[in-house]
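Colleague: Got a file for you: structure_17.txt, compact mmCIF, C-alpha atoms.
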# COMPACT_ATOMS: atom_id res chain seq x y z
CA MET A 23 0.00 0.00 0.00
CA ARG A 24 2.97 2.29 0.46
CA ASN A 25 3.02 3.13 -3.21
CA LEU A 26 -0.50 4.34 -3.06
CA PHE A 27 0.34 7.50 -1.23
CA PRO A 28 3.21 9.28 -2.85
CA SER A 29 0.73 11.87 -3.90
CA ILE A 30 -0.28 12.71 -0.38
CA ILE A 31 3.30 12.91 0.74
CA SER A 32 4.04 15.18 -2.13
CA VAL A 33 1.86 17.89 -0.67
CA SER A 34 4.68 18.68 1.67
CA SER A 35 7.45 18.25 -0.83
CA LYS A 36 6.46 19.34 -4.32
CA PRO A 37 6.96 22.94 -5.26
CA ALA A 38 3.93 22.91 -7.51
CA VAL A 39 1.67 22.66 -4.51
CA TYR A 40 3.54 25.25 -2.57
CA LEU A 41 3.43 27.56 -5.48
CA GLY A 42 -0.16 28.38 -4.82
CA PHE A 43 0.34 28.46 -1.16
CA LEU A 44 3.35 30.68 -1.28
CA CYS A 45 1.73 33.01 -3.65
CA MET A 46 -0.58 33.98 -0.86
CA PHE A 47 2.14 36.36 0.10
CA LEU A 48 1.42 38.08 -3.06
CA PHE A 49 -1.91 39.46 -2.55
CA VAL A 50 -5.54 40.99 -3.12
CA LEU A 51 -8.60 43.23 -3.65
CA SER A 52 -12.03 44.23 -4.55
CA ILE A 53 -13.43 46.03 -7.45
CA HIS A 54 -15.43 49.13 -7.13
CA GLY A 55 -15.11 52.64 -8.42
CA GLN A 56 -12.26 51.66 -10.70
CA THR A 57 -11.11 53.22 -13.96
CA LYS A 58 -8.47 51.90 -16.27
CA MET A 59 -5.21 53.84 -16.07
CA ASN A 60 -3.59 55.37 -19.11
CA PRO A 61 -0.01 54.24 -19.88
CA GLN A 62 1.55 57.27 -18.20
CA GLU A 63 -0.36 56.64 -14.98
CA ALA A 64 0.66 52.99 -15.06
CA VAL A 65 4.32 53.89 -15.45
CA ALA A 66 4.03 56.41 -12.62
CA LEU A 67 2.55 53.76 -10.32
CA ARG A 68 5.26 51.24 -11.18
CA THR A 69 7.93 53.83 -10.51
CA LYS A 70 6.41 54.79 -7.18
CA VAL A 71 6.03 51.19 -6.00
CA LYS A 72 9.56 50.35 -7.07
CA SER A 73 10.93 53.35 -5.23
CA VAL A 74 9.05 52.39 -2.05
CA ALA A 75 10.29 48.80 -2.40
CA GLU A 76 13.90 49.88 -2.77
CA THR A 77 13.81 51.87 0.43
CA THR A 78 11.97 49.21 2.44
CA GLU A 79 14.25 47.43 4.89
CA THR A 80 11.56 45.97 7.14
CA ILE A 81 7.80 45.56 7.18
CA SER A 82 5.62 44.35 9.98
CA SER A 83 1.89 44.13 9.62
CA ASP A 84 -1.22 42.44 10.86
CA PHE A 85 -3.49 40.77 8.36
CA THR A 86 -6.97 39.33 8.12
CA GLN A 87 -7.58 36.59 5.60
CA TYR A 88 -10.99 35.79 4.12
CA LYS A 89 -11.29 32.52 2.26
CA HIS A 90 -14.30 32.65 -0.01
CA LEU A 91 -15.87 29.46 -1.35
CA ASP A 92 -19.10 29.97 -3.22
CA PHE A 93 -20.88 27.11 -1.47
CA LEU A 94 -20.23 28.36 2.07
CA SER A 95 -22.59 30.61 4.03
CA ASN A 96 -19.68 32.68 5.37
CA ASP A 97 -16.08 33.32 4.38
CA ILE A 98 -13.54 31.53 6.57
CA GLU A 99 -11.72 34.22 8.52
CA SER A 100 -8.24 33.93 9.98
CA LYS A 101 -5.82 36.47 11.39
CA GLY A 102 -2.11 36.80 11.86
CA THR A 103 1.04 38.80 11.39
CA LEU A 104 3.59 39.34 8.65
CA ALA A 105 7.24 40.25 9.16
CA PHE A 106 9.69 41.05 6.37
CA LYS A 107 13.35 42.00 6.50
CA ALA A 108 15.38 42.82 3.40
CA PRO A 109 16.60 41.17 1.37
CA ASP A 110 14.60 37.98 1.78
CA LEU A 111 13.52 37.09 5.32
CA VAL A 112 9.78 36.50 5.50
CA LYS A 113 7.61 35.20 8.32
CA TRP A 114 3.91 34.67 7.77
CA GLU A 115 2.10 33.61 10.92
CA TYR A 116 -1.52 32.77 11.65
CA THR A 117 -2.58 33.25 15.25
CA LYS A 118 -6.38 32.87 15.05
CA PRO A 119 -8.28 30.58 14.98
CA PHE A 120 -5.24 28.31 14.78
CA SER A 121 -1.50 28.61 15.12
CA TYR A 122 0.52 28.11 11.95
CA ALA A 123 3.67 29.84 10.74
CA VAL A 124 5.89 29.68 7.69
CA LEU A 125 9.34 31.21 7.64
CA PHE A 126 11.61 31.70 4.63
CA LYS A 127 15.21 31.80 5.70
CA ASN A 128 18.55 30.73 4.24
CA GLN A 129 16.99 29.00 1.22
CA LYS A 130 14.72 26.99 3.48
CA LEU A 131 11.04 26.99 4.23
CA TYR A 132 10.30 26.32 7.92
CA ILE A 133 6.80 25.34 8.98
CA ASN A 134 5.46 25.39 12.51
CA ASP A 135 2.03 23.79 12.53
CA GLU A 136 0.68 24.11 16.06
CA GLY A 137 4.02 23.04 17.46
CA ASN A 138 4.80 20.42 14.80
CA LYS A 139 7.92 21.71 13.10
CA SER A 140 9.19 20.77 9.66
CA ASN A 141 11.25 22.32 6.91
CA MET A 142 12.19 21.94 3.29
CA ASP A 143 15.22 22.90 1.29
CA LEU A 144 14.54 25.41 -1.45
CA SER A 145 18.04 25.66 -2.85
CA SER A 146 17.84 22.55 -4.99
CA ASN A 147 14.78 23.68 -6.85
CA GLN A 148 14.99 26.47 -9.40
CA LEU A 149 11.24 26.95 -9.64
CA PHE A 150 10.93 27.27 -5.93
CA LYS A 151 13.80 29.68 -5.76
CA GLN A 152 12.10 31.88 -8.32
CA LEU A 153 8.90 31.70 -6.36
CA ASN A 154 10.66 32.76 -3.23
CA GLN A 155 12.06 35.77 -5.06
CA LEU A 156 8.63 36.55 -6.39
CA ILE A 157 7.10 36.40 -2.94
CA THR A 158 9.72 38.71 -1.55
CA ALA A 159 9.14 41.13 -4.41
CA SER A 160 5.39 41.01 -4.00
CA ILE A 161 5.37 41.77 -0.30
CA ARG A 162 6.81 45.06 -1.26
CA GLY A 163 4.44 45.21 -4.22
CA ASP A 164 7.28 45.12 -6.71
CA MET A 165 6.13 42.29 -8.96
CA PHE A 166 5.66 44.19 -12.21
CA ASP A 167 7.15 41.51 -14.42
CA ASP A 168 5.59 41.65 -17.87
CA GLU A 169 7.16 38.34 -18.84
CA ALA A 170 5.52 36.49 -15.96
CA PHE A 171 2.16 38.30 -15.91
CA ARG A 172 -0.35 40.05 -18.07
CA ILE A 173 -0.87 43.22 -16.08
CA SER A 174 -3.81 45.65 -15.99
CA TYR A 175 -3.89 48.91 -14.05
CA PHE A 176 -6.87 50.68 -12.51
CA ARG A 177 -7.41 53.84 -10.52
CA GLN A 178 -9.75 53.65 -7.59
CA ASP A 179 -10.95 55.89 -4.82
CA ASN A 180 -7.95 55.85 -2.50
CA GLY A 181 -5.22 54.33 -4.58
CA SER A 182 -4.62 51.83 -7.32
CA LEU A 183 -5.62 48.32 -8.23
CA VAL A 184 -3.43 46.09 -10.36
CA HIS A 185 -4.43 42.75 -11.86
CA PHE A 186 -1.64 40.24 -12.41
CA MET A 187 -2.59 37.26 -14.60
CA PRO A 188 0.09 34.55 -14.54
CA LYS A 189 1.27 33.51 -18.00
CA ASP A 190 2.86 30.27 -16.82
CA LYS A 191 0.45 27.36 -17.21
CA GLN A 192 1.59 25.55 -14.07
CA PHE A 193 1.17 28.73 -12.10
CA ALA A 194 -2.23 29.45 -13.63
CA GLU A 195 -3.47 26.04 -12.54
CA PHE A 196 -3.39 27.41 -9.00
CA ILE A 197 -4.07 31.07 -9.43
CA LYS A 198 -5.99 32.70 -12.23
CA ALA A 199 -5.21 36.22 -11.07
CA PHE A 200 -3.78 38.35 -8.29
CA HIS A 201 -5.49 41.63 -7.62
CA ILE A 202 -3.25 43.90 -5.58
CA THR A 203 -4.45 47.16 -4.10
CA PHE A 204 -1.91 49.87 -3.40
CA ASN A 205 -2.53 52.88 -1.20
CA GLN A 206 -1.50 56.35 -2.30
CA GLU A 207 1.96 55.84 -0.84
CA GLY A 208 2.51 52.83 -3.12
CA GLU A 209 2.27 50.26 -0.32
CA VAL A 210 0.32 47.00 -0.61
CA ASP A 211 -3.01 47.29 1.27
CA GLU A 212 -4.90 44.24 0.08
CA VAL A 213 -4.35 41.17 -2.02
CA LYS A 214 -6.94 38.96 -3.65
CA MET A 215 -5.81 35.66 -5.07
CA ILE A 216 -8.37 34.18 -7.42
CA GLU A 217 -8.45 30.47 -8.20
CA PRO A 218 -9.48 29.04 -11.57
CA SER A 219 -12.89 28.16 -10.06
CA GLY A 220 -13.55 31.78 -9.10
CA ASP A 221 -13.14 31.04 -5.38
CA TYR A 222 -10.64 33.39 -3.84
CA THR A 223 -8.55 34.33 -0.83
CA HIS A 224 -8.65 37.95 0.21
CA ILE A 225 -5.99 39.36 2.52
CA VAL A 226 -6.33 42.77 4.12
CA PHE A 227 -3.29 44.28 5.82
CA SER A 228 -3.55 46.58 8.82
CA ASN A 229 -1.28 48.27 11.38
CA ARG A 230 1.54 48.25 8.86
CA THR A 231 4.87 49.72 9.93
CA GLN A 232 7.87 50.10 7.73
CA ASN A 233 11.58 50.40 8.41
CA GLN A 234 11.28 49.87 12.15
CA PRO A 235 14.00 47.59 13.55
CA LEU A 236 12.92 43.93 13.66
CA PRO A 237 15.02 41.69 15.93
CA ASP A 238 16.37 38.47 14.44
CA ALA A 239 14.34 36.57 17.02
CA VAL A 240 11.25 37.39 14.98
CA PHE A 241 12.63 35.21 12.21
CA THR A 242 12.99 32.00 14.13
CA GLN A 243 10.76 28.98 13.84
CA MET B 12 -26.48 -9.57 29.06
CA PRO B 13 -26.54 -7.23 26.04
CA SER B 14 -29.78 -7.39 24.16
CA LYS B 15 -29.94 -7.75 20.38
CA THR B 16 -32.82 -6.17 18.50
CA GLN B 17 -33.73 -4.95 15.04
CA GLU B 18 -33.59 -1.19 14.52
CA THR B 19 -34.49 0.48 11.28
CA VAL B 20 -32.16 3.47 11.11
CA VAL B 21 -28.72 4.59 12.32
CA ASN B 22 -28.29 8.35 12.76
CA ASN B 23 -25.06 10.34 12.38
CA PRO B 24 -25.88 13.97 13.25
CA TYR B 25 -22.47 15.61 12.80
CA PHE B 26 -22.82 17.02 9.29
CA SER B 27 -26.58 17.32 9.12
CA ASP B 28 -27.21 21.04 9.49
CA PRO B 29 -27.32 22.86 6.12
CA SER B 30 -27.09 26.26 7.82
CA LYS B 31 -23.63 25.45 9.23
CA ASP B 32 -20.22 25.67 7.61
CA TYR B 33 -18.20 22.82 9.11
CA VAL B 34 -14.56 23.94 9.13
CA PHE B 35 -11.66 21.96 10.58
CA LYS B 36 -7.98 22.54 11.02
CA SER B 37 -6.65 19.24 9.79
CA ASN B 38 -3.56 17.17 10.11
CA ILE B 39 -2.87 14.17 7.92
CA LYS B 40 -0.15 11.73 8.92
CA VAL B 41 0.88 9.22 6.33
CA PHE B 42 3.95 6.99 6.65
CA GLU B 43 5.55 9.19 9.35
CA ARG B 44 5.05 12.33 7.29
CA SER B 45 2.49 14.89 8.19
CA PHE B 46 0.94 17.92 6.63
CA GLY B 47 -1.85 20.29 7.50
CA GLY B 48 -4.69 22.08 5.87
CA ILE B 49 -8.27 23.17 6.27
CA LEU B 50 -11.11 20.73 5.65
CA ILE B 51 -14.44 22.30 4.82
CA ILE B 52 -17.73 20.38 4.74
CA LYS B 53 -21.12 21.81 3.83
CA LYS B 54 -24.45 20.07 3.61
CA LEU B 55 -26.18 21.30 0.48
CA GLY B 56 -29.24 19.08 0.33
CA GLN B 57 -30.67 15.75 1.31
CA ALA B 58 -27.73 13.30 1.23
CA GLN B 59 -25.65 15.92 -0.58
CA HIS B 60 -22.41 17.43 0.73
CA ARG B 61 -19.58 19.55 -0.64
CA ILE B 62 -16.13 18.75 0.76
CA ALA B 63 -13.07 20.89 0.10
CA PHE B 64 -9.51 20.80 1.39
CA THR B 65 -7.31 23.88 1.23
CA THR B 66 -3.91 24.91 2.51
CA GLU B 67 -3.88 27.23 5.53
CA MET B 68 -3.26 30.01 3.06
CA GLY B 69 -6.38 29.22 1.14
CA ASN B 70 -5.28 27.34 -1.95
CA THR B 71 -7.71 24.60 -2.86
CA LEU B 72 -6.12 21.15 -3.03
CA PHE B 73 -9.33 19.28 -3.74
CA ASP B 74 -13.04 20.01 -3.94
CA PHE B 75 -15.56 17.15 -4.08
CA SER B 76 -19.32 16.85 -4.24
CA LEU B 77 -20.78 13.79 -2.55
CA GLU B 78 -24.36 12.84 -3.33
CA LYS B 79 -25.52 9.60 -1.73
CA ASP B 80 -22.56 7.36 -2.59
CA HIS B 81 -21.59 9.16 -5.78
CA LEU B 82 -18.51 11.39 -5.68
CA THR B 83 -17.85 14.13 -8.23
CA VAL B 84 -14.43 15.76 -8.38
CA ASN B 85 -14.95 19.49 -8.93
CA ARG B 86 -11.28 20.21 -8.65
CA ILE B 87 -8.11 18.45 -7.57
CA ILE B 88 -4.52 19.46 -8.00
CA LYS B 89 -2.48 17.23 -10.28
CA ASP B 90 -0.28 15.91 -7.50
CA LEU B 91 -3.29 14.44 -5.70
CA ASP B 92 -5.21 13.30 -8.73
CA ARG B 93 -4.90 9.53 -8.23
CA ASN B 94 -7.89 7.22 -8.32
CA ILE B 95 -6.67 5.14 -5.44
CA LEU B 96 -6.38 8.18 -3.20
CA ILE B 97 -9.72 9.59 -4.29
CA ASN B 98 -11.34 6.24 -3.49
CA VAL B 99 -9.88 6.15 0.02
CA LEU B 100 -11.13 9.67 0.62
CA LYS B 101 -14.53 8.88 -0.85
CA LYS B 102 -15.04 5.96 1.53
CA ASP B 103 -13.89 8.01 4.52
CA PHE B 104 -15.98 11.05 3.70
CA LEU B 105 -19.03 8.95 2.96
CA ALA B 106 -18.82 7.37 6.42
CA LEU B 107 -18.20 10.79 7.95
CA VAL B 108 -21.18 12.62 6.45
CA THR B 109 -23.83 9.98 5.80
CA GLU B 110 -26.68 10.86 8.16
CA ARG B 111 -28.95 7.87 7.97
CA ILE B 112 -28.38 4.29 6.98
CA THR B 113 -30.48 1.22 7.43
CA SER B 114 -29.61 -0.59 10.59
CA ILE B 115 -29.28 -4.33 10.26
CA GLU B 116 -28.45 -5.11 13.87
CA LYS B 117 -28.58 -3.35 17.19
CA PHE B 118 -26.94 -4.36 20.45
CA GLN B 119 -27.64 -2.53 23.68
CA LYS B 120 -26.21 -2.65 27.17
CA GLY B 121 -27.27 0.10 29.51
CA ALA B 122 -26.38 3.48 27.98
CA LYS B 123 -24.18 1.84 25.33
CA VAL B 124 -25.60 1.01 21.93
CA LEU B 125 -23.94 -0.64 18.94
CA GLN B 126 -25.67 -0.58 15.57
CA MET B 127 -24.50 -2.09 12.31
CA GLY B 128 -25.33 -1.07 8.76
CA PHE B 129 -23.75 -1.17 5.30
CA LEU B 130 -22.02 1.62 3.37
CA LEU B 131 -20.62 0.75 -0.07
CA GLY B 132 -21.15 -2.89 0.81
CA LYS B 133 -18.93 -2.72 3.91
CA LYS B 134 -20.10 -3.32 7.44
CA HIS B 135 -20.02 -0.17 9.57
CA TYR B 136 -20.54 -0.35 13.32
CA TYR B 137 -21.85 2.75 15.06
CA TRP B 138 -21.01 3.04 18.75
CA PHE B 139 -23.23 5.27 20.88
CA GLU B 140 -22.80 6.22 24.52
CA ASN B 141 -25.55 8.11 26.31
CA GLY B 142 -27.12 8.78 22.94
CA GLU B 143 -23.94 10.33 21.46
CA LEU B 144 -22.21 8.80 18.46
CA ARG B 145 -18.62 8.21 19.67
CA LYS B 146 -17.22 5.86 17.05
CA ILE B 147 -17.80 4.43 13.60
CA ILE B 148 -15.84 1.31 12.76
CA ARG B 149 -15.55 0.02 9.22
CA THR B 150 -14.73 -3.67 9.03
CA GLY B 151 -13.63 -6.04 6.33
CA ASN B 152 -13.14 -9.79 6.62
CA GLY B 153 -14.11 -9.56 10.26
CA LYS B 154 -11.32 -7.06 11.09
CA GLU B 155 -11.31 -3.36 11.94
CA LYS B 156 -10.21 -1.41 8.87
CA VAL B 157 -10.95 2.19 9.78
CA VAL B 158 -12.01 3.77 13.05
CA PHE B 159 -13.67 7.21 13.23
CA ARG B 160 -13.61 8.71 16.73
CA PHE B 161 -15.75 11.70 17.68
CA SER B 162 -15.04 13.72 20.83
CA GLY B 163 -15.79 17.10 22.38
CA ILE B 164 -19.39 16.55 21.41
CA SER B 165 -21.90 19.29 22.05
CA ASP B 166 -25.05 20.31 20.21
CA ASN B 167 -24.49 17.77 17.42
CA ILE B 168 -20.99 19.08 16.74
CA ALA B 169 -17.85 17.04 17.30
CA GLN B 170 -14.93 19.35 18.15
CA GLN B 171 -12.40 16.61 17.40
CA ILE B 172 -12.55 13.82 14.87
CA GLU B 173 -9.85 11.19 14.37
CA ILE B 174 -9.89 8.87 11.37
CA GLU B 175 -7.47 6.02 11.85
CA HIS B 176 -6.75 3.46 9.15
CA LYS B 177 -5.64 0.12 10.49
CA ASN B 178 -4.34 -1.44 7.28
CA ILE B 179 -2.42 1.57 5.97
CA GLN B 180 -0.41 4.16 7.88
CA LEU B 181 -2.90 6.93 7.49
CA ARG B 182 -4.40 9.04 10.23
CA ILE B 183 -6.51 12.13 9.72
CA SER B 184 -7.10 14.47 12.67
CA LEU B 185 -9.73 17.18 12.48
CA LYS B 186 -10.20 20.00 14.96
CA SER B 187 -13.24 22.23 14.60
CA ILE B 188 -12.41 25.93 14.22
Give the structure from this file in structure tokens form.
Modeller:
Amino acid sequence: MRNLFPSIISVSSKPAVYLGFLCMFLFVLSIHGQTKMNPQEAVALRTKVKSVAETTETISSDFTQYKHLDFLSNDIESKGTLAFKAPDLVKWEYTKPFSYAVLFKNQKLYINDEGNKSNMDLSSNQLFKQLNQLITASIRGDMFDDEAFRISYFRQDNGSLVHFMPKDKQFAEFIKAFHITFNQEGEVDEVKMIEPSGDYTHIVFSNRTQNQPLPDAVFTQ
Amino acid sequence: MPSKTQETVVNNPYFSDPSKDYVFKSNIKVFERSFGGILIIKKLGQAQHRIAFTTEMGNTLFDFSLEKDHLTVNRIIKDLDRNILINVLKKDFLALVTERITSIEKFQKGAKVLQMGFLLGKKHYYWFENGELRKIIRTGNGKEKVVFRFSGISDNIAQQIEIEHKNIQLRISLKSI
């Protein structure tokens, strides 16, 4: 029977699965009062976001995640914290209604699932390495890669909304689109990750602080 | 002496309320490996349930519809898309969510009741204590194959569910959130 379950085991070991899961770091939003940007406005937004990203050494933020499945009466809500330290330390931690944390550090992904700790090596996998870079870029909002995404830009009431549609087929199997909302300062406020079925995960950031010292102890498993 | 009587129906109340979203933090241990996720079960109609499994971060790994004993795969990621796995899950989920089956036998001793009925042609024993369903045991060739344990029971909700396979190293733990 052992051969029957390689697929289950692979959930914890194959990058394809984690792709979706990691991309959660990338992000979200809703669609009202939006107008398509002209090319000059789009360039201006990219420039602003890039400039913010380049000067961002640390980010810490709370987040609320809403998982929407069409057949449910209510979205599944969870809460947690995000910590980022340049160039590539990321900790994403759920605190309610369960305890679960992932940490990217030294080419490894560390998972703490309610006290059960595990890790996986990212260095041997090129795809995963690229994903890690993408995640890091996206936390700062700087994921304007026209080769990887078809990108559309919209103005809305208090900022901008950008749609990123993955071009890579393997990627698109997990995520049809990322909708990222930027505030007027060019920081990521919300991320919506839409699955091929139309179900989505919506993450709203709050209490964001930037460039405040973050002790190394934050980035331990 | 336990008494043996005929009883027409066995009742499993745990996934019977269509107004509820049943959401569980889940841990699956298979051959010494373990991974987590969120299991979501929703009753959509008479003998009709939707069952989805996502990562903590929300990515859907599989999404099934179960109507009576017919399973439809709405979505499953390639890495999990194996018939043998889907069949194991189908049998487990069917036992988990089926509300009423015909009871073939009933044994009773004080507040303890054991009823037996068939799901997919396999004998399933339902163990009740003080009127609460505590265990379902699937047997084959006279041996325990899978044991479902329900605990933290209140108002027809089981806070903890353990599904233990005896013939393969597979254990699924569910904690209501």
Colleague: Find, counting all atoms listed in the file, the residue in B:Asn94, B:Ser27, B:Thr19, B:Gln170 that gets nearest to chain A.
Modeller: B:Asn94
Colleague: Would you compute the distance between atom CA of A:Arg177 and atom CA of A:Glu209? Give it in Å to one decimal.
Modeller: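 A separation of 14.5 Å between them.
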Colleague: Pick from A:Val112, A:Ala105, A:Ile98, A:Met59: nearest to A:Arg230, with all atoms listed in the file counted?
Modeller: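 The shortest atom-to-atom distance to A:Arg230 comes from A:Ala105.
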Colleague: Quick one: residues within 10 Å of stretch 100-112 of chain B, only C-alpha atoms, excluding same-chain residues fewer than 6 positions away - as a compact mmCIF listing (two decimals) with C-alpha atoms, in the coordinates of the input?
Modeller:
# COMPACT_ATOMS: atom_id res chain seq x y z
CA THR B 19 -34.49 0.48 11.28
CA VAL B 20 -32.16 3.47 11.11
CA VAL B 21 -28.72 4.59 12.32
CA ASN B 22 -28.29 8.35 12.76
CA ASN B 23 -25.06 10.34 12.38
CA PRO B 24 -25.88 13.97 13.25
CA TYR B 25 -22.47 15.61 12.80
CA PHE B 26 -22.82 17.02 9.29
CA SER B 27 -26.58 17.32 9.12
CA ILE B 52 -17.73 20.38 4.74
CA LYS B 53 -21.12 21.81 3.83
CA LYS B 54 -24.45 20.07 3.61
CA GLN B 57 -30.67 15.75 1.31
CA ALA B 58 -27.73 13.30 1.23
CA GLN B 59 -25.65 15.92 -0.58
CA HIS B 60 -22.41 17.43 0.73
CA ILE B 62 -16.13 18.75 0.76
CA PHE B 75 -15.56 17.15 -4.08
CA SER B 76 -19.32 16.85 -4.24
CA LEU B 77 -20.78 13.79 -2.55
CA GLU B 78 -24.36 12.84 -3.33
CA LYS B 79 -25.52 9.60 -1.73
CA ASP B 80 -22.56 7.36 -2.59
CA HIS B 81 -21.59 9.16 -5.78
CA LEU B 82 -18.51 11.39 -5.68
CA THR B 83 -17.85 14.13 -8.23
CA ASN B 94 -7.89 7.22 -8.32
CA MET B 127 -24.50 -2.09 12.31
CA GLY B 128 -25.33 -1.07 8.76
CA PHE B 129 -23.75 -1.17 5.30
CA LEU B 130 -22.02 1.62 3.37
CA LEU B 131 -20.62 0.75 -0.07
CA LYS B 133 -18.93 -2.72 3.91
CA HIS B 135 -20.02 -0.17 9.57
CA ILE B 147 -17.80 4.43 13.60
CA ILE B 148 -15.84 1.31 12.76
CA ARG B 149 -15.55 0.02 9.22
CA VAL B 157 -10.95 2.19 9.78
CA VAL B 158 -12.01 3.77 13.05
CA PHE B 159 -13.67 7.21 13.23
CA ILE B 172 -12.55 13.82 14.87
CA ILE B 174 -9.89 8.87 11.37
CA GLU B 175 -7.47 6.02 11.85
CA HIS B 176 -6.75 3.46 9.15
CA ILE B 183 -6.51 12.13 9.72
Colleague: Could you please select, counting only C-alpha atoms, the residues of chain B within 10 Å of chain A and state them as a count of residues only?
Modeller: 54
Colleague: Between A:Arg172, A:Thr117, A:Glu212, A:Leu183, which has the minimum distance to A:Lys198 (counting only C-alpha atoms)?
Modeller: A:Arg172
Colleague: For stretch 227-239 of chain A, what centre and edge lengths in Å (one decimal) does the axis-aligned box get once 5 Å is added on each side of all its listed atoms, as AutoDock Vina command-line options?
Modeller:
--center_x 6.4 --center_y 43.5 --center_z 11.4 --size_x 29.9 --size_y 23.8 --size_z 21.2
Colleague: For the atom pair atom CA of A:Pro188 and atom CA of A:Ala75, what is the interatomic distance in Å to one decimal place?
Modeller: 21.3 Å
